[in-house]
Amino acid sequence: MRYLPHGPADRAHMLETLGEPSIEALYRDVPAAVLQAAAFPDLPDHQGERAVEAHLAALAARNRPAGAGPCFLGAGAMRHHIPAVVDALVQRGEFMTAYTPYQPEISQGTLQALFEFQTQVALITGMEVANASMYDGASACAEAGLMAQRVTRRARVLVSGGVHPRYAATTVTLADGAHEAVEVLAPDPLGIEDLIGRVNHETACVIVQTPDVFGRLRDLTALAAACHDEGALLVAVVTEPLALGLVRPPGAMGADIVVAEGQGLAGPPSFGGPGVGLFATRAALMRQMPGRLVGQTVDEDGRRGFVLTLSTREQHIRREKATSNICTNAGLVALALSIHLALLGEEGFTRLARTNHALAVDLATRLARLPGVRVLPQAFFNEFALLLPVPAGPVVETLADRGVLAGVPGERLWPDYPELAEVLLVAVTETTPPADIEALVDGLKEALS
Amino acid sequence: MTATVSGHRGLDLEEPLLFELDTPGVSGIDEPEPEPGPTRLGGLEREGPIGLPGLSEPAVVRHYTRLSRRNYSIDAGMYPLGSCTMKYNPRLNERMARLPGFADLHPLQPEKTVQGALAVMAELGRWLCALTGLPAVALSPAAGAQGELCGLRAIRAALRERGELDTRRVVLVAESAHGTNPATAAACGFKVEAVPADARGRMDRAAFRARVGADVAAVMLTNPNTCGLFESDAPELARALHDAGGFVYMDGANLNALVGRVRAVDLGADAMHINLHKTFSTPHGGGGPGAGPTVLSAALAPFAPLPVLWQEEAGWRLIETMDGARARGLSPFGRLSGFHGQFGVFVRALAYLLAMGRDGLRQASGDAVLNANYILAGLSDVLSASYPGPCMHEALFDDRFLKDTGITTLDFAKAMIDEGFHPMTMYFPLVVHGALLIEPTETESRATLDQFIAVMRDLALRARAGDQAAFKAAPRLAPRRRLDETQAARHPVLRWAPPPSSGASSDESSFRTAPLSSNP
């Protein structure tokens with residue numbers, strides 16, 4: 001048992017020191033019947049590294065890695081190229097095996113990195129402050145709704161039909177404790193929903209996504225003004241933060257809270273988790289923010305240092321009166337995102353965004369030439385919804401058999417809306433070589449003919 | 001301390017912020033400029049620069065390497081944080097999670113292309129169910145606190161179905177509970193009532209029995225509790241609550257004492273979250289990501305959140321809709337995450353479970369308890385133990401031994417830093433004064449424990465000898481001395497902004513000076 005340092009002599013010595021006959025004797029406060037009931041006949045005994053590796057490698061081999069062939073899946077989980085440096089640095093034990101930085105004198109590495117992360121998130125979203133991360137984009141979205149309810153002391157949360165349906169569902173679930181006032185609008189593939197007309201003096205916030213789940217870039221300026229006229233907040237969701245290297249950030253369009261999923265810039269999709277939720281807001285609202293915050297201060301010698309701060313919002317102090325029950329965040333994934341942004345810098349981040357957009361424009365132009373195929377959004381970043389002449393689900397299955405992961409069919413995200421069955425969400429990134437684009441265009445052409 | 005020109009002190013290297021290392025025009029990534037072509041941004045182009053600094057690849061590597069060296073870590077030393085279970089994080093876990101067949105899977109791939117990943121989830125679920133004796137598990141909670149939420153929401157859904165949601169409004173929480181317990185119960189719309197501890201440090205049996213009734217939805221009980229003591233009455237209290245129609249939520253934070261020896265089901269638990277990042281060795285990562293799968297009794301299983309992992313003839317499936325769930329006799333209370341939970345953490349935890357096996361897990365929990373008792377015995381005559389032993393996986397002391405020294409638990413903890421140890425959990429649980437909660441875990445060697453005990457004994461004797469000034473000045477050998485947390489909270493600076501002299505953009509300067517909107 002290679003993870004256990006004691007040899008038999010150590011255990012014997014320690015038990016002797018304690019005057020105890022056995023380890024089992026230390027469990028004497030557990031009722032005997034409880035100890036006797038615990039049997040685990042179906043569990044195997046310990047195994048060496050080779051055996052564990054073989055077992056898990058066999059399971060991994062039953063999957064088709066997205067990168068094994070053309071892949072156009074997005075919809076909240078993106079595949080970007082992650083530089084070698086990112087994984088090398090996050091695997092440093094000093095980062096990976098550290099605890100939450102509650103002892104700042106010996107946690108300045110994590111604390112400074114998170115302070116830098118908060119600054120980067122504020123910069124790209126166009127907001128004033130950001131927290132040290134949330135579990136993922138969906139829970140960040142839900143927490144934004146709860147925060148708006150606290151700030152405005154109103155119950156009603158309006159969720160746009162352009163918001164990722166899984167985010168909307170998570171928001172409904174997490175708001176369901178004290179309030180039951182979340183209204184989710186029907187999916188809005190054409191970008192025609194009227195949000196402004198629905199905002200009133202009871203609205204805590206409107207949650208809207210840009211680029212939305214159909215890929216459409218939305219100008220939030222008028223909506224933000226309408227929200228503010230009624231004393232409501234505007235929450236903007238971003239599932240592809242690389243877009244912020246090219247398009248106007250929600251902060252510049254009047255958003256009060258911006259939440260995002262940072263996974264695509266931090267690491268591989270990992271079958272959907274762990275991700276990292278980004279959460280940014282205006283400085284005036286910082287004390288209502290959920291999650292951990294790192295702040296700058298000085299030590300006794302006057303040297304700059306960083307600490308977790310404003311923790312009087314948090315559960316370990318406030319208990320049932322806390323702003324949220326959240327305890328952990330996504331520290332290591334936040335660090336990975338931050339390292340990637342440090343590598344990219346202004347030049348790299350904006351250029352990578354332009355590369356992604358150029359590929360998407362090219363792909364959209366080619367796909368729009370296929371008979372019966374429509375690209376739904378006029379304006380998009382690196383992802384867009386197609387309307388096919390036939391249901392997308394079977395097309396995706398057929399193309400998967402030929403090695404092409406064509407995109408996310410409408411039935412997968414909106415199983416309750418058969419009218420979206422012909423929708424196919426297609427994403428393209430810098431990881432997509434030209435030959436893969438050809439494969440998708442040819443594959444779709446064939447499948448639709 | 002001798003001042004140096006550089007500010008560095010030997011291997012202790014000072015490091016500026018990324019933003020202070022900016023070399024405009026430099027990037028750590030060679031990304032070719034795309035061919036000029038049409039855009040389809042609808043007039044929503046970004047205006048003006050973002051403000052991200054430019055650094056070369058070596059500059060980035062040096063920056064983060066230097067930062068990393070300012071962290072304590074489990075790789076470098078013992079982390080005796082009570083109720084945090086800071087054990088060794090096996091590197092095999094990391095290698096397995098990075099297999100392309102796991103890491104490079106998109107969550108929305110056709111299910112026929114991810115059968116191995118769904119099998120990983122199913123296999124992890126089988127281990128968790130077997131180890132706890134409960135029949136079902138919800139894997140998607142992202143962390144312990146979300147697992148608590150999952151359990152309480154399942155309880156709420158069950159009560160709603162029984163038509164008792166309006167009458168059962170109270171959740172009982174042990175006085176010694178983690179802060180997440182009351183915060184979660186409140187977030188689920190319940191009224192929180194604390195149950196006091198008795199003189200033995202256990203939940204007061206009489207107070208509990210007196211409070212059980214038709215208005216109680218559930219009790220949240222940590223076992224072993226946060227005093228490091230086994231709640232021996234747990235089965236009996238659970239029976240009493242079950243008889244009265246309530247549910248038992250067991251907080252699994254301290255599961256490391258029990259794995260392979262005691263099952264939650266035999267303690268009467270209806271639901272329990274399992275912190276994979278504690279008990280099952282996945283890294284804490286400086287504060288996440290964790291994972292908090294939640295095991296559920298048969299009565300609560302139908303209410304588990306979406307997605308539900310389901311086996312059919314064609315293979316594993318994820319049930320993602322309410323209709324799909326209802327067709328299978330389920331009534332999910334909702335969903336907690338965008339996709340299927342912390343899959344990368346699942347792979348790591350499964351690698352650990354396979355490596356340890358039934359016998360290894362049993363040895364690990366036993367060693368964890370042995371180590372905690374060794375510390376309790378080694379320190380009981382100089383520190384003040386709050387309760388007599390044996391303890392379980394953690395040993396609780398309070399600050400009576402510091403009485404009249406002018407030294408606080410905090411001072412004592414900071415002095416440990418100079419001795420090369422991470423402090424233990426302080427001022428928690430709240431049921432004793434100035435708590436020092438020490439959890440060594442099973443992965444610390446006898447030599448390390450002996451050194452830890454020697455350090456703690458020496459510090460205790462020095463404190464008793466009246467060496468107050470030295471304690472107040474600690475730590476002196478860490479990269480930073482004590483930090484001014486009051487200033488940090490009173491004048492929060494949560495991000496870098498360029499110094500005013502360097503030609504700050506109007507956006508940046510407004511962050512510091514402008515009255516930030518009165519809305520709403």
# chains A, B, ... in the order shown; residues from 1 in each chain; ligands from 1
>>> select_by_dssp(residues="range 270-479 of chain B", states="strand (DSSP E)", output="ChimeraX atom specification")
/B:271-273,294-296,308-312,315-319,384-385,395-398,425-426,436-438
>>> residues_around(residues="Glu24 in chain A", least_positions_apart="4", cutoff="12 Å", atoms="only C-alpha atoms", output="list in words")
Leu15, Glu20, Arg28, Asp29, Val30, Ala32, Leu35 and Gln36 of chain A; Ala257, Leu258, Arg261, Val262, Arg362, Gln363, Ser365, Gly366, Asp367, Val369, Leu370, Pro390 and Met392 of chain B
>>> residues_around(residues="range 231-246 of chain B", least_positions_apart="3", cutoff="8 Å", atoms="only C-alpha atoms", output="PyMOL selection string")
(chain A and resi 29-31) or (chain B and resi 202-203+205+208-209+212-214+216-219+223-225+266-269)
>>> select_by_dssp(residues="range 195-343 of chain B", states="alpha helix (DSSP H)", output="list in words")
Arg205, Ala206, Ala207, Phe208, Arg209, Ala210, Arg211, Ala234, Pro235, Glu236, Leu237, Ala238, Arg239, Ala240, Leu241, His242, Asp243, Met322, Asp323, Gly324, Ala325, Arg326 and Phe343 of chain B
>>> residues_around(residues="Asp188 in chain A", least_positions_apart="6", cutoff="9 Å", atoms="only C-alpha atoms", output="list in words")
Ser160, Gly161, Gly162, Val163 and Phe214 of chain A
>>> residues_around(residues="range 373-380 of chain B", least_positions_apart="3", cutoff="7 Å", atoms="only C-alpha atoms", output="list in words")
Met14 and Leu18 of chain A; Val369, Leu370, Leu383, Ser384, Ala385, Pro390, Cys391, Ala395, Ile453 and Arg457 of chain B
>>> residues_around(residues="Ala119 in chain B", least_positions_apart="3", cutoff="10 Å", atoms="only C-alpha atoms", output="VMD selection string")
(chain A and resid 59 to 60 62) or (chain B and resid 114 to 116 122 to 125 309 311 315 to 317)
>>> residues_around(residues="Val395 in chain A", least_positions_apart="4", cutoff="10 Å", atoms="only C-alpha atoms", output="list in words")
Leu388, Val390, Pro391, Leu399, Ala400, Ala406, Gly407, Pro409, Glu422, Leu424, Gly443, Leu444, Glu446, Ala447 and Leu448 of chain A
>>> closest_residue(among="A:Ala222, A:Ala66, A:Ala364, A:Ala25", to="chain B", atoms="only C-alpha atoms")
A:Ala66
>>> decode(residues="range 94-110 of chain B", atoms="all heavy atoms", output="short mmCIF file (atom, residue, chain, number, x, y, z; two decimals), in the first residue's frame")
data_model
loop_
_atom_site.label_atom_id
_atom_site.label_comp_id
_atom_site.auth_asym_id
_atom_site.auth_seq_id
_atom_site.Cartn_x
_atom_site.Cartn_y
_atom_site.Cartn_z
N GLU B 94 -3.44 11.98 -11.58
CA GLU B 94 -3.29 13.05 -12.56
C GLU B 94 -3.07 12.47 -13.96
O GLU B 94 -3.65 12.92 -14.93
CB GLU B 94 -2.12 13.96 -12.18
CG GLU B 94 -2.31 14.66 -10.84
CD GLU B 94 -3.61 15.45 -10.77
OE1 GLU B 94 -3.87 16.24 -11.70
OE2 GLU B 94 -4.35 15.28 -9.79
N ARG B 95 -2.22 11.46 -14.02
CA ARG B 95 -1.95 10.86 -15.33
C ARG B 95 -3.23 10.28 -15.93
O ARG B 95 -3.51 10.42 -17.11
CB ARG B 95 -0.88 9.77 -15.20
CG ARG B 95 -0.51 9.18 -16.54
CD ARG B 95 0.38 7.96 -16.39
NE ARG B 95 1.76 8.33 -16.15
CZ ARG B 95 2.74 7.43 -16.01
NH1 ARG B 95 2.47 6.15 -16.10
NH2 ARG B 95 3.97 7.82 -15.79
N MET B 96 -4.01 9.63 -15.11
CA MET B 96 -5.24 9.00 -15.60
C MET B 96 -6.24 10.05 -16.09
O MET B 96 -6.88 9.89 -17.12
CB MET B 96 -5.87 8.13 -14.51
CG MET B 96 -5.05 6.93 -14.10
SD MET B 96 -4.74 5.77 -15.46
CE MET B 96 -3.16 6.31 -16.05
N ALA B 97 -6.38 11.13 -15.34
CA ALA B 97 -7.35 12.16 -15.74
C ALA B 97 -6.95 12.83 -17.04
O ALA B 97 -7.79 13.41 -17.72
CB ALA B 97 -7.47 13.21 -14.63
N ARG B 98 -5.65 12.74 -17.39
CA ARG B 98 -5.18 13.40 -18.61
C ARG B 98 -5.16 12.48 -19.82
O ARG B 98 -4.75 12.90 -20.90
CB ARG B 98 -3.79 13.98 -18.36
CG ARG B 98 -3.85 15.27 -17.54
CD ARG B 98 -2.49 15.70 -17.02
NE ARG B 98 -2.54 17.00 -16.37
CZ ARG B 98 -3.00 17.21 -15.13
NH1 ARG B 98 -3.45 16.20 -14.43
NH2 ARG B 98 -3.01 18.42 -14.61
N LEU B 99 -5.58 11.22 -19.67
CA LEU B 99 -5.68 10.36 -20.85
C LEU B 99 -6.62 11.04 -21.86
O LEU B 99 -7.70 11.50 -21.47
CB LEU B 99 -6.26 8.99 -20.47
CG LEU B 99 -5.37 8.08 -19.62
CD1 LEU B 99 -6.17 6.84 -19.18
CD2 LEU B 99 -4.12 7.66 -20.39
N PRO B 100 -6.23 11.11 -23.13
CA PRO B 100 -7.11 11.79 -24.09
C PRO B 100 -8.52 11.20 -24.12
O PRO B 100 -9.49 11.93 -24.35
CB PRO B 100 -6.39 11.57 -25.43
CG PRO B 100 -4.96 11.31 -25.07
CD PRO B 100 -4.97 10.63 -23.73
N GLY B 101 -8.62 9.91 -23.83
CA GLY B 101 -9.95 9.28 -23.81
C GLY B 101 -10.82 9.76 -22.66
O GLY B 101 -12.01 9.44 -22.61
N PHE B 102 -10.26 10.51 -21.73
CA PHE B 102 -11.06 11.14 -20.67
C PHE B 102 -11.05 12.67 -20.79
O PHE B 102 -12.08 13.31 -20.79
CB PHE B 102 -10.54 10.76 -19.28
CG PHE B 102 -10.71 9.31 -18.93
CD1 PHE B 102 -9.71 8.62 -18.25
CD2 PHE B 102 -11.88 8.62 -19.27
CE1 PHE B 102 -9.87 7.28 -17.92
CE2 PHE B 102 -12.04 7.28 -18.94
CZ PHE B 102 -11.03 6.60 -18.26
N ALA B 103 -9.82 13.23 -20.88
CA ALA B 103 -9.71 14.70 -20.85
C ALA B 103 -10.32 15.32 -22.11
O ALA B 103 -10.98 16.36 -22.03
CB ALA B 103 -8.25 15.11 -20.72
N ASP B 104 -10.09 14.68 -23.25
CA ASP B 104 -10.54 15.29 -24.50
C ASP B 104 -11.90 14.76 -24.91
O ASP B 104 -12.12 14.38 -26.06
CB ASP B 104 -9.49 15.06 -25.60
CG ASP B 104 -9.76 15.92 -26.83
OD1 ASP B 104 -10.52 16.91 -26.71
OD2 ASP B 104 -9.25 15.60 -27.91
N LEU B 105 -12.82 14.72 -23.97
CA LEU B 105 -14.19 14.34 -24.30
C LEU B 105 -15.08 15.55 -24.15
O LEU B 105 -15.06 16.22 -23.10
CB LEU B 105 -14.70 13.26 -23.34
CG LEU B 105 -14.09 11.87 -23.43
CD1 LEU B 105 -14.85 10.93 -22.51
CD2 LEU B 105 -14.12 11.35 -24.86
N HIS B 106 -15.87 15.80 -25.17
CA HIS B 106 -16.84 16.89 -25.06
C HIS B 106 -18.10 16.34 -24.39
O HIS B 106 -18.52 15.22 -24.68
CB HIS B 106 -17.17 17.43 -26.45
CG HIS B 106 -17.96 18.70 -26.40
ND1 HIS B 106 -19.30 18.72 -26.11
CD2 HIS B 106 -17.58 19.99 -26.57
CE1 HIS B 106 -19.72 19.99 -26.11
NE2 HIS B 106 -18.69 20.77 -26.40
N PRO B 107 -18.69 17.12 -23.48
CA PRO B 107 -19.84 16.59 -22.73
C PRO B 107 -21.08 16.32 -23.59
O PRO B 107 -21.97 15.60 -23.13
CB PRO B 107 -20.13 17.70 -21.70
CG PRO B 107 -19.49 18.94 -22.26
CD PRO B 107 -18.29 18.45 -23.02
N LEU B 108 -21.12 16.88 -24.79
CA LEU B 108 -22.31 16.68 -25.62
C LEU B 108 -22.03 15.78 -26.82
O LEU B 108 -22.79 15.77 -27.78
CB LEU B 108 -22.87 18.04 -26.07
CG LEU B 108 -23.34 18.95 -24.92
CD1 LEU B 108 -23.71 20.34 -25.43
CD2 LEU B 108 -24.51 18.34 -24.16
N GLN B 109 -20.95 15.00 -26.78
CA GLN B 109 -20.72 14.01 -27.83
C GLN B 109 -21.85 12.99 -27.83
O GLN B 109 -22.46 12.73 -26.77
CB GLN B 109 -19.40 13.26 -27.57
CG GLN B 109 -18.17 14.06 -27.90
CD GLN B 109 -16.86 13.28 -27.69
OE1 GLN B 109 -15.89 13.86 -27.24
NE2 GLN B 109 -16.85 11.99 -28.01
N PRO B 110 -22.11 12.38 -28.99
CA PRO B 110 -23.10 11.30 -29.00
C PRO B 110 -22.75 10.25 -27.95
O PRO B 110 -21.57 9.91 -27.77
CB PRO B 110 -22.97 10.72 -30.42
CG PRO B 110 -22.47 11.87 -31.25
CD PRO B 110 -21.57 12.66 -30.33
#
